[in-house]
file final.pdb (PDB, C-alpha atoms)
ATOM      1  CA  MET A  80     102.178  47.955 165.546
ATOM      2  CA  THR A  81     104.904  46.548 167.824
ATOM      3  CA  VAL A  82     108.616  47.152 167.315
ATOM      4  CA  SER A  83     109.186  43.517 166.265
ATOM      5  CA  GLN A  84     106.365  43.715 163.733
ATOM      6  CA  SER A  85     107.812  46.938 162.320
ATOM      7  CA  ARG A  86     111.221  45.303 161.866
ATOM      8  CA  ASP A  87     109.600  42.345 160.170
ATOM      9  CA  LEU A  88     107.655  44.575 157.787
ATOM     10  CA  ALA A  89     110.857  46.427 156.883
ATOM     11  CA  TYR A  90     112.197  43.290 155.185
ATOM     12  CA  ARG A  91     109.012  41.801 153.772
ATOM     13  CA  THR A  92     107.985  41.876 150.150
ATOM     14  CA  ARG A  93     105.636  44.691 149.242
ATOM     15  CA  LEU A  94     103.125  44.212 146.462
ATOM     16  CA  ILE A  95     101.628  47.424 145.155
ATOM     17  CA  GLY A  96      99.339  46.617 142.244
ATOM     18  CA  ARG A  97     101.810  44.402 140.501
ATOM     19  CA  TRP A  98     104.600  46.444 141.946
ATOM     20  CA  HIS A  99     106.811  44.585 144.371
ATOM     21  CA  LEU A 100     109.091  46.599 146.584
ATOM     22  CA  SER A 101     110.874  46.090 149.864
ATOM     23  CA  LEU A 102     111.670  49.077 152.040
ATOM     24  CA  GLN A 103     114.321  49.081 154.743
ATOM     25  CA  GLY A 104     114.249  52.060 157.060
ATOM     26  CA  PRO A 105     114.414  55.366 155.168
ATOM     27  CA  MET A 106     116.311  53.871 152.235
ATOM     28  CA  MET A 107     114.740  51.683 149.617
ATOM     29  CA  LYS A 108     116.417  48.487 148.400
ATOM     30  CA  LEU A 109     115.601  46.161 145.538
ATOM     31  CA  SER A 110     113.844  43.102 146.801
ATOM     32  CA  GLY A 111     110.945  40.742 146.300
ATOM     33  CA  MET A 112     107.909  41.036 144.111
ATOM     34  CA  ALA A 113     104.936  38.854 144.144
ATOM     35  CA  SER A 114     102.030  39.331 141.679
ATOM     36  CA  ILE A 115     100.351  41.735 137.766
ATOM     37  CA  LEU A 116      97.747  44.952 138.236
ATOM     38  CA  GLY A 117      94.162  44.985 137.249
ATOM     39  CA  ALA A 118      94.909  43.108 140.141
ATOM     40  CA  ALA A 119      97.991  44.150 139.778
ATOM     41  CA  LEU A 120      99.971  41.502 136.935
ATOM     42  CA  MET A 121      99.689  38.351 134.771
ATOM     43  CA  ALA A 122     103.876  33.371 136.708
ATOM     44  CA  ALA A 123     106.122  31.314 134.888
ATOM     45  CA  CYS A 124     104.205  31.286 131.615
ATOM     46  CA  VAL A 125     104.512  34.308 129.343
ATOM     47  CA  SER A 126     101.297  35.211 127.550
ATOM     48  CA  ALA A 127     101.506  34.373 123.885
ATOM     49  CA  PRO A 128      99.607  36.123 121.075
ATOM     50  CA  PRO A 129      97.196  34.137 118.918
ATOM     51  CA  ALA A 130      98.942  31.760 116.573
ATOM     52  CA  THR A 131      98.811  32.630 112.881
ATOM     53  CA  GLU A 132      96.993  30.366 110.442
ATOM     54  CA  PRO A 133      99.229  27.924 108.511
ATOM     55  CA  THR A 134      99.366  28.480 104.740
ATOM     56  CA  SER A 135      99.224  25.759 102.150
ATOM     57  CA  ALA A 136     102.446  25.026 100.305
ATOM     58  CA  SER A 137     102.353  25.768  96.556
ATOM     59  CA  LYS A 138     102.756  22.940  94.055
ATOM     60  CA  PRO A 139     106.267  22.882  92.561
ATOM     61  CA  GLU A 140     106.682  23.357  88.837
ATOM     62  CA  VAL A 141     107.265  20.221  86.752
ATOM     63  CA  ASN A 142     110.114  20.403  84.241
ATOM     64  CA  PRO A 143     108.782  19.094  80.902
ATOM     65  CA  ALA A 144     112.304  18.086  79.823
ATOM     66  CA  GLN A 145     112.777  15.859  82.826
ATOM     67  CA  PRO A 146     113.733  12.239  81.875
ATOM     68  CA  ALA A 147     110.845   9.788  81.982
ATOM     69  CA  SER A 148     112.871   7.464  84.209
ATOM     70  CA  GLN A 149     112.591   9.937  87.057
ATOM     71  CA  PRO A 150     109.222  10.230  88.819
ATOM     72  CA  LEU A 151     107.573  13.615  88.744
ATOM     73  CA  PRO A 152     107.701  15.489  92.052
ATOM     74  CA  THR A 153     104.440  15.640  93.936
ATOM     75  CA  ALA A 154     103.141  18.599  95.876
ATOM     76  CA  PRO A 155     103.497  18.242  99.662
ATOM     77  CA  THR A 156     100.283  17.739 101.572
ATOM     78  CA  PRO A 157      99.098  21.071 103.014
ATOM     79  CA  PRO A 158      99.150  21.131 106.819
ATOM     80  CA  ALA A 159      95.781  20.448 108.372
ATOM     81  CA  ARG A 160      93.911  23.568 109.424
ATOM     82  CA  VAL A 161      92.858  23.508 113.045
ATOM     83  CA  PRO A 162      89.227  24.587 113.336
ATOM     84  CA  ARG A 163      88.693  27.618 115.515
ATOM     85  CA  GLY A 164      85.144  26.572 116.435
ATOM     86  CA  GLY A 165      82.324  28.749 117.620
ATOM     87  CA  PRO A 166      80.258  30.682 118.020
ATOM     88  CA  TRP A 167      79.929  30.114 121.764
ATOM     89  CA  SER A 168      77.477  30.971 124.505
ATOM     90  CA  PHE A 169      79.278  31.573 127.773
ATOM     91  CA  THR A 170      78.131  32.305 131.304
ATOM     92  CA  TYR A 171      80.138  31.739 134.473
ATOM     93  CA  ALA A 172      78.594  28.900 136.469
ATOM     94  CA  PRO A 173      77.855  29.715 140.126
ATOM     95  CA  GLY A 174      80.013  27.859 142.625
ATOM     96  CA  THR A 175      83.132  28.007 144.758
ATOM     97  CA  TYR A 176      86.460  27.907 142.939
ATOM     98  CA  THR A 177      90.026  27.622 144.216
ATOM     99  CA  TYR A 178      92.867  28.992 142.085
ATOM    100  CA  THR A 179      96.620  28.597 142.430
ATOM    101  CA  ILE A 180      98.292  31.904 141.593
ATOM    102  CA  VAL A 181     101.984  31.653 140.695
ATOM    103  CA  THR A 182     104.023  34.800 140.189
ATOM    104  CA  ASP A 183     107.622  35.717 139.546
ATOM    105  CA  ALA A 184     109.243  38.994 138.628
ATOM    106  CA  VAL A 185     112.347  40.883 137.611
ATOM    107  CA  ILE A 186     113.012  44.395 138.890
ATOM    108  CA  ALA A 187     115.743  46.867 137.989
ATOM    109  CA  PRO A 188     116.562  50.545 138.614
ATOM    110  CA  ALA A 189     115.255  52.648 135.729
ATOM    111  CA  LEU A 190     118.649  54.381 135.417
ATOM    112  CA  ASP A 191     120.570  51.107 135.084
ATOM    113  CA  THR A 192     118.492  48.166 133.905
ATOM    114  CA  THR A 193     121.593  45.943 133.830
ATOM    115  CA  GLN A 194     121.328  45.784 137.627
ATOM    116  CA  LYS A 195     118.210  43.640 137.414
ATOM    117  CA  ARG A 196     117.246  41.210 140.111
ATOM    118  CA  GLN A 197     115.226  38.007 139.674
ATOM    119  CA  ILE A 198     112.635  37.537 142.399
ATOM    120  CA  PRO A 199     111.909  33.983 143.600
ATOM    121  CA  GLU A 200     108.664  32.460 142.421
ATOM    122  CA  LEU A 201     105.679  32.904 144.727
ATOM    123  CA  SER A 202     102.761  30.433 144.789
ATOM    124  CA  GLN A 203      99.534  31.230 146.624
ATOM    125  CA  LYS A 204      95.995  29.849 146.741
ATOM    126  CA  ALA A 205      92.792  31.863 146.757
ATOM    127  CA  THR A 206      89.176  30.688 146.896
ATOM    128  CA  ILE A 207      86.333  32.692 145.407
ATOM    129  CA  SER A 208      82.581  32.254 145.282
ATOM    130  CA  LEU A 209      80.504  33.195 142.226
ATOM    131  CA  SER A 210      76.771  33.769 142.449
ATOM    132  CA  ALA A 211      74.231  33.147 139.686
ATOM    133  CA  SER A 212      74.174  36.900 139.053
ATOM    134  CA  GLY A 213      77.970  36.951 138.592
ATOM    135  CA  ASP A 214      78.848  38.575 141.929
ATOM    136  CA  LEU A 215      82.262  37.527 143.234
ATOM    137  CA  GLN A 216      83.196  37.091 146.882
ATOM    138  CA  VAL A 217      86.619  36.094 148.217
ATOM    139  CA  VAL A 218      86.241  33.161 150.612
ATOM    140  CA  ASP A 219      89.890  32.469 151.414
ATOM    141  CA  PRO A 220      91.861  34.323 152.595
ATOM    142  CA  VAL A 221      89.096  35.689 154.753
ATOM    143  CA  PRO A 222      88.748  39.461 154.261
ATOM    144  CA  GLY A 223      89.774  41.399 157.369
ATOM    145  CA  THR A 224      87.559  43.695 159.356
ATOM    146  CA  THR A 225      90.160  46.473 159.641
ATOM    147  CA  ALA A 226      91.756  48.848 157.158
ATOM    148  CA  LEU A 227      95.209  47.322 157.771
ATOM    149  CA  CYS A 228      97.026  46.357 154.583
ATOM    150  CA  ASP A 229      98.983  43.111 154.788
ATOM    151  CA  SER A 230      99.947  40.190 152.533
ATOM    152  CA  SER A 231      96.483  38.642 152.806
ATOM    153  CA  SER A 232      94.897  41.916 151.722
ATOM    154  CA  ALA A 233      97.085  41.967 148.618
ATOM    155  CA  LEU A 234      96.085  38.403 147.710
ATOM    156  CA  ILE A 235      92.421  39.278 148.232
ATOM    157  CA  ALA A 236      92.783  42.224 145.851
ATOM    158  CA  ARG A 237      94.270  39.909 143.217
ATOM    159  CA  ALA A 238      91.578  37.259 143.722
ATOM    160  CA  GLN A 239      88.848  39.856 143.207
ATOM    161  CA  GLU A 240      90.202  40.476 139.713
ATOM    162  CA  LEU A 241      90.494  36.858 138.562
ATOM    163  CA  ILE A 242      87.173  36.833 136.731
ATOM    164  CA  SER A 243      86.873  39.125 133.718
ATOM    165  CA  LYS A 244      83.484  40.386 132.574
ATOM    166  CA  LEU A 245      82.688  38.741 129.240
ATOM    167  CA  PRO A 246      79.837  38.953 126.708
ATOM    168  CA  ASN A 247      77.377  36.047 126.758
ATOM    169  CA  GLN A 248      77.821  35.467 123.011
ATOM    170  CA  LEU A 249      81.315  35.037 121.558
ATOM    171  CA  ALA A 250      82.681  34.391 118.068
ATOM    172  CA  VAL A 251      86.198  34.228 116.619
ATOM    173  CA  GLY A 252      87.509  37.736 116.025
ATOM    174  CA  ASP A 253      85.042  39.464 118.345
ATOM    175  CA  ARG A 254      86.600  42.511 119.997
ATOM    176  CA  TRP A 255      85.533  44.743 122.861
ATOM    177  CA  ARG A 256      86.984  47.135 125.387
ATOM    178  CA  ASP A 257      86.327  47.885 129.030
ATOM    179  CA  SER A 258      87.896  49.732 131.935
ATOM    180  CA  THR A 259      87.978  49.047 135.656
ATOM    181  CA  THR A 260      88.875  51.170 138.656
ATOM    182  CA  THR A 261      89.690  49.368 141.895
ATOM    183  CA  THR A 262      90.703  50.564 145.322
ATOM    184  CA  GLY A 263      92.352  48.271 147.832
ATOM    185  CA  CYS A 264      95.551  47.084 149.410
ATOM    186  CA  ARG A 265      98.599  46.512 147.244
ATOM    187  CA  GLY A 266     100.906  44.928 149.756
ATOM    188  CA  THR A 267     101.106  47.366 152.669
ATOM    189  CA  ILE A 268     100.086  50.342 150.528
ATOM    190  CA  PRO A 269      96.441  51.382 149.909
ATOM    191  CA  ALA A 270      96.185  52.142 146.188
ATOM    192  CA  GLU A 271      93.786  52.943 143.363
ATOM    193  CA  SER A 272      94.311  51.204 140.037
ATOM    194  CA  ILE A 273      92.823  52.004 136.631
ATOM    195  CA  VAL A 274      93.057  49.381 133.881
ATOM    196  CA  ILE A 275      91.839  49.765 130.290
ATOM    197  CA  SER A 276      91.545  46.361 128.605
ATOM    198  CA  ASN A 277      91.075  45.332 124.974
ATOM    199  CA  TYR A 278      89.870  41.788 124.261
ATOM    200  CA  VAL A 279      89.847  39.598 121.154
ATOM    201  CA  VAL A 280      88.411  36.076 120.827
ATOM    202  CA  VAL A 281      91.083  33.712 119.480
ATOM    203  CA  GLY A 282      89.004  30.513 119.359
ATOM    204  CA  ASP A 283      89.372  26.897 120.420
ATOM    205  CA  THR A 284      92.833  25.820 121.514
ATOM    206  CA  ALA A 285      94.356  22.647 122.967
ATOM    207  CA  PHE A 286      94.391  22.726 126.753
ATOM    208  CA  ALA A 287      95.408  19.848 129.066
ATOM    209  CA  ASN A 288      94.285  17.096 126.655
ATOM    210  CA  ALA A 289      91.034  18.946 126.040
ATOM    211  CA  VAL A 290      89.839  22.044 124.200
ATOM    212  CA  ALA A 291      89.381  25.489 125.746
ATOM    213  CA  LEU A 292      88.222  28.804 124.355
ATOM    214  CA  GLN A 293      91.130  31.272 124.307
ATOM    215  CA  ILE A 294      90.620  35.014 124.703
ATOM    216  CA  HIS A 295      93.558  37.417 124.392
ATOM    217  CA  ARG A 296      93.640  40.654 126.371
ATOM    218  CA  THR A 297      95.935  43.695 126.280
ATOM    219  CA  ASP A 298      96.008  46.161 129.173
ATOM    220  CA  SER A 299      97.030  49.751 129.755
ATOM    221  CA  LEU A 300      97.316  50.550 133.432
ATOM    222  CA  SER A 301      98.023  53.288 135.938
ATOM    223  CA  ALA A 302      97.975  53.302 139.710
ATOM    224  CA  THR A 303      98.627  55.556 142.688
ATOM    225  CA  GLY A 304      99.113  54.709 146.336
ATOM    226  CA  GLU A 305     100.194  56.279 149.567
ATOM    227  CA  GLY A 306     101.200  54.835 152.912
ATOM    228  CA  THR A 307     103.826  54.889 155.651
ATOM    229  CA  GLU A 308     106.868  52.866 156.612
ATOM    230  CA  GLY A 309     107.751  53.619 160.200
ATOM    231  CA  GLN A 310     107.934  57.401 160.337
ATOM    232  CA  HIS A 311     108.340  57.767 156.587
ATOM    233  CA  ARG A 312     105.601  58.709 154.157
ATOM    234  CA  ILE A 313     105.622  56.691 150.932
ATOM    235  CA  ILE A 314     104.014  57.784 147.657
ATOM    236  CA  VAL A 315     103.888  55.295 144.796
ATOM    237  CA  THR A 316     102.722  55.743 141.204
ATOM    238  CA  ALA A 317     102.949  53.311 138.307
ATOM    239  CA  THR A 318     102.151  53.125 134.609
ATOM    240  CA  GLY A 319     102.512  50.133 132.374
ATOM    241  CA  THR A 320     101.180  47.678 129.831
ATOM    242  CA  GLY A 321     100.278  44.028 129.996
ATOM    243  CA  VAL A 322      99.041  41.060 127.991
ATOM    244  CA  MET A 323      96.969  38.141 129.238
ATOM    245  CA  ASP A 324      95.388  34.998 127.819
ATOM    246  CA  LEU A 325      92.226  33.522 129.306
ATOM    247  CA  PHE A 326      91.312  29.858 128.807
ATOM    248  CA  LEU A 327      87.637  29.041 129.343
ATOM    249  CA  ASP A 328      85.602  25.866 129.647
ATOM    250  CA  THR A 329      82.477  26.992 127.795
ATOM    251  CA  THR A 330      80.551  23.844 128.696
ATOM    252  CA  ALA A 331      81.129  24.049 132.456
ATOM    253  CA  GLY A 332      81.225  27.865 132.551
ATOM    254  CA  ARG A 333      84.628  28.141 134.209
ATOM    255  CA  LEU A 334      87.908  29.984 133.900
ATOM    256  CA  LEU A 335      90.483  27.206 133.631
ATOM    257  CA  ARG A 336      93.598  29.338 133.533
ATOM    258  CA  SER A 337      94.894  32.830 132.926
ATOM    259  CA  ARG A 338      98.480  33.672 132.140
ATOM    260  CA  GLY A 339     100.016  37.036 131.588
ATOM    261  CA  LEU A 340     102.975  39.379 131.492
ATOM    262  CA  GLN A 341     103.092  42.959 132.715
ATOM    263  CA  THR A 342     105.805  45.613 132.362
ATOM    264  CA  SER A 343     105.565  48.799 134.386
ATOM    265  CA  LEU A 344     107.494  51.858 135.491
ATOM    266  CA  VAL A 345     107.160  52.315 139.245
ATOM    267  CA  ASN A 346     107.932  55.646 140.933
ATOM    268  CA  VAL A 347     108.491  55.600 144.685
ATOM    269  CA  THR A 348     108.970  58.753 146.751
ATOM    270  CA  THR A 349     110.074  58.331 150.351
ATOM    271  CA  SER A 350     111.818  60.831 152.629
ATOM    272  CA  GLY A 351     111.642  63.312 149.750
ATOM    273  CA  LYS A 352     113.663  61.079 147.428
ATOM    274  CA  LEU A 353     112.289  59.726 144.128
ATOM    275  CA  THR A 354     113.401  56.284 142.977
ATOM    276  CA  GLN A 355     112.241  54.663 139.731
ATOM    277  CA  PHE A 356     112.101  50.977 138.882
ATOM    278  CA  ILE A 357     111.315  48.939 135.781
ATOM    279  CA  GLN A 358     109.380  45.814 136.671
ATOM    280  CA  HIS A 359     108.450  42.725 134.651
ATOM    281  CA  VAL A 360     105.936  40.386 136.255
ATOM    282  CA  THR A 361     104.627  37.077 134.948
ATOM    283  CA  GLU A 362     101.639  35.373 136.500
ATOM    284  CA  THR A 363      99.555  32.254 136.037
ATOM    285  CA  ALA A 364      96.256  31.510 137.801
ATOM    286  CA  THR A 365      95.132  27.885 137.417
ATOM    287  CA  LEU A 366      91.875  26.318 138.569
ATOM    288  CA  ALA A 367      92.782  23.912 141.393
ATOM    289  CA  GLY A 368      89.380  22.873 142.728
ATOM    290  CA  VAL A 369      85.618  23.313 142.441
ATOM    291  CA  GLN A 370      83.014  22.935 145.172
TER     292      GLN A 370
END
call {"tool": "encode", "arguments": {"input": "final.pdb", "output": "structure tokens"}}
result
Amino acid sequence: MTVSQSRDLAYRTRLIGRWHLSLQGPMMKLSGMASILGAALMAACVSAPPATEPTSASKPEVNPAQPASQPLPTAPTPPARVPRGGPWSFTYAPGTYTYTIVTDAVIAPALDTTQKRQIPELSQKATISLSASGDLQVVDPVPGTTALCDSSSALIARAQELISKLPNQLAVGDRWRDSTTTTGCRGTIPAESIVISNYVVVGDTAFANAVALQIHRTDSLSATGEGTEGQHRIIVTATGTGVMDLFLDTTAGRLLRSRGLQTSLVNVTTSGKLTQFIQHVTETATLAGVQ
């Protein structure tokens, strides 16, 4: 790496899982973040839990002594119940899909969370290809042929985690659990991430003047990474939790959108000094095109 490249890297945003750190020389400073783990964070929509069912209003009591000249009160009409639909058969349709991934974040020192810093929103595009067997390949950005970790490598790692593995048959209230272990670049740091996810099928929900199947997911995550910044060795670990909502087109077999929120504690050791950060990352991935 040239001297000019090294200087440039010293001020660039680092994404580690969904950790976003900027390192300047031997000392670390709060700076940009970019994207949620399992990738790495769930963009300007916070994931919302399934809405509760409305309850019918009870009929008010009629007073028998009420004068006949006054009309008796009538019970209000109960709110209409929105059908949840289902059951559904779902399989991802093979094809090439482009997603817009929008992320923003807030980071603060663990010892003084009042010193939080809002990170500007970051919008990126990634294109993936799905085969009939469900295999996913990242088409754009084009995966590199070297082990160098850069911003494109971080986006590739996130794109590889866009598509969750789902059962072929789904019904409201269905629950399942899975875990994934991934190894790849998180910004300029090679890292391994472990995510344990719990899913529940919410049901049909309004989506962009249409109806989509909503699935709610909660995550427990941990990650470790190690790299260098100039002459300094950097060790990063993180633990956290996250929530995400998936919106599916069951007819076309597509993920229309995912939106999520992740909170994590990030530990960074550099030059023998440990620094801890609390990080909140929101992320939205929206289908932008199909080929």
call {"tool": "atom_distance", "arguments": {"input": "final.pdb", "atom1": "atom CA of Pro166 of chain A", "atom2": "atom CA of Ala238 of chain A"}}
result
28.8 Å
call {"tool": "closest_residue", "arguments": {"input": "final.pdb", "among": "A:Asp328, A:Asp257, A:Glu271, A:Asp219", "to": "Ser243 of chain A", "atoms": "only C-alpha atoms"}}
result
A:Asp257
call {"tool": "closest_atom_pairs", "arguments": {"input": "final.pdb", "of": "segment 161-244 of chain A", "to": "segment 296-308 of chain A", "cutoff": "12 Å", "atoms": "all atoms listed in the file", "output": "JSON lines"}}
result
{"residue": "A:Ala226", "atom": "CA", "partner": "A:Gly306", "partner_atom": "CA", "distance": 12.0}
{"residue": "A:Leu227", "atom": "CA", "partner": "A:Gly306", "partner_atom": "CA", "distance": 10.8}
{"residue": "A:Cys228", "atom": "CA", "partner": "A:Gly306", "partner_atom": "CA", "distance": 9.6}
{"residue": "A:Ser243", "atom": "CA", "partner": "A:Arg296", "partner_atom": "CA", "distance": 10.1}
{"residue": "A:Lys244", "atom": "CA", "partner": "A:Arg296", "partner_atom": "CA", "distance": 11.9}
call {"tool": "closest_residue", "arguments": {"input": "final.pdb", "among": "A:Thr175, A:Ala287, A:Leu245, A:Leu190", "to": "Ala211 of chain A", "atoms": "all atoms listed in the file"}}
result
A:Thr175
call {"tool": "resolve_selection", "arguments": {"input": "final.pdb", "expression": "the PyMOL selection byres ((chain A and resi 324) around 7)", "output": "ChimeraX atom specification"}}
result
/A:126,293-296,323,325-326,337-339
call {"tool": "residues_around", "arguments": {"input": "final.pdb", "residues": "Val290 of chain A", "least_positions_apart": "3", "cutoff": "12 Å", "atoms": "all atoms listed in the file", "output": "PyMOL selection string"}}
result
chain A and resi 161-164+282-287+293+326-330+335
call {"tool": "atom_distance", "arguments": {"input": "final.pdb", "atom1": "atom CA of Phe169 of chain A", "atom2": "atom CA of Thr363 of chain A"}}
result
21.9 Å
call {"tool": "resolve_selection", "arguments": {"input": "final.pdb", "expression": "the PyMOL selection byres ((chain A and resi 197-203) around 6)", "output": "list of chain:residue names"}}
result
A:Gly111, A:Thr179, A:Ile180, A:Val181, A:Thr182, A:Asp183, A:Ala184, A:Val185, A:Arg196, A:Lys204
call {"tool": "atom_distance", "arguments": {"input": "final.pdb", "atom1": "atom CA of Thr259 of chain A", "atom2": "atom CA of Glu240 of chain A"}}
result
9.7 Å
call {"tool": "closest_residue", "arguments": {"input": "final.pdb", "among": "A:Leu249, A:Gly319, A:Pro173, A:Leu241", "to": "Glu362 of chain A", "atoms": "all atoms listed in the file"}}
result
A:Leu241
call {"tool": "resolve_selection", "arguments": {"input": "final.pdb", "expression": "the PyMOL selection byres ((chain A and resi 270) around 10)", "output": "PyMOL selection string"}}
result
chain A and resi 95-96+261-269+271-272+302-306+314-316
call {"tool": "residues_around", "arguments": {"input": "final.pdb", "residues": "Pro246 of chain A", "least_positions_apart": "5", "cutoff": "10 Å", "atoms": "all atoms listed in the file", "output": "PyMOL selection string"}}
result
chain A and resi 168-170+253+255
call {"tool": "write_last_selection", "arguments": {"input": "final.pdb", "atoms": "C-alpha atoms", "output": "short mmCIF file (atom, residue, chain, number, x, y, z; two decimals), in the frame of the given file"}}
result
data_model
loop_
_atom_site.label_atom_id
_atom_site.label_comp_id
_atom_site.auth_asym_id
_atom_site.auth_seq_id
_atom_site.Cartn_x
_atom_site.Cartn_y
_atom_site.Cartn_z
CA SER A 168 77.48 30.97 124.50
CA PHE A 169 79.28 31.57 127.77
CA THR A 170 78.13 32.30 131.30
CA ASP A 253 85.04 39.46 118.34
CA TRP A 255 85.53 44.74 122.86
#
call {"tool": "closest_residue", "arguments": {"input": "final.pdb", "among": "A:Gly165, A:Gly351, A:Pro222, A:Gly252", "to": "Ala205 of chain A", "atoms": "all atoms listed in the file"}}
result
A:Pro222
call {"tool": "closest_residue", "arguments": {"input": "final.pdb", "among": "A:Leu353, A:Ile242, A:Ala233, A:Ala189", "to": "Ser208 of chain A", "atoms": "all atoms listed in the file"}}
result
A:Ile242
call {"tool": "axis_aligned_box", "arguments": {"input": "final.pdb", "around": "segment 300-314 of chain A", "padding_each_side": "3 Å", "output": "AutoDock Vina command-line options"}}
result
--center_x 102.8 --center_y 54.6 --center_z 146.9 --size_x 17.0 --size_y 14.2 --size_z 32.9
call {"tool": "build_atoms", "arguments": {"input": "final.pdb", "residues": "segment 199-210 of chain A", "atoms": "N, CA and C atoms", "output": "short mmCIF file (atom, residue, chain, number, x, y, z; two decimals), keeping the file's coordinate frame"}}
result
data_model
loop_
_atom_site.label_atom_id
_atom_site.label_comp_id
_atom_site.auth_asym_id
_atom_site.auth_seq_id
_atom_site.Cartn_x
_atom_site.Cartn_y
_atom_site.Cartn_z
N PRO A 199 112.35 35.38 143.52
CA PRO A 199 111.91 33.98 143.60
C PRO A 199 110.42 33.85 143.34
N GLU A 200 110.06 32.74 142.74
CA GLU A 200 108.66 32.46 142.42
C GLU A 200 107.82 32.37 143.69
N LEU A 201 106.62 32.92 143.60
CA LEU A 201 105.68 32.90 144.73
C LEU A 201 104.41 32.18 144.29
N SER A 202 103.99 31.18 145.08
CA SER A 202 102.76 30.43 144.79
C SER A 202 101.79 30.60 145.95
N GLN A 203 100.56 31.01 145.62
CA GLN A 203 99.53 31.23 146.62
C GLN A 203 98.21 30.65 146.15
N LYS A 204 97.32 30.34 147.08
CA LYS A 204 96.00 29.85 146.74
C LYS A 204 94.95 30.84 147.22
N ALA A 205 93.91 31.00 146.40
CA ALA A 205 92.79 31.86 146.76
C ALA A 205 91.51 31.16 146.34
N THR A 206 90.47 31.30 147.18
CA THR A 206 89.18 30.69 146.90
C THR A 206 88.14 31.78 146.75
N ILE A 207 87.37 31.71 145.66
CA ILE A 207 86.33 32.69 145.41
C ILE A 207 84.99 32.00 145.25
N SER A 208 83.94 32.76 145.47
CA SER A 208 82.58 32.25 145.28
C SER A 208 81.88 33.13 144.25
N LEU A 209 81.25 32.48 143.26
CA LEU A 209 80.50 33.20 142.23
C LEU A 209 79.01 32.90 142.39
N SER A 210 78.22 33.94 142.36
CA SER A 210 76.77 33.77 142.45
C SER A 210 76.18 33.64 141.05
#
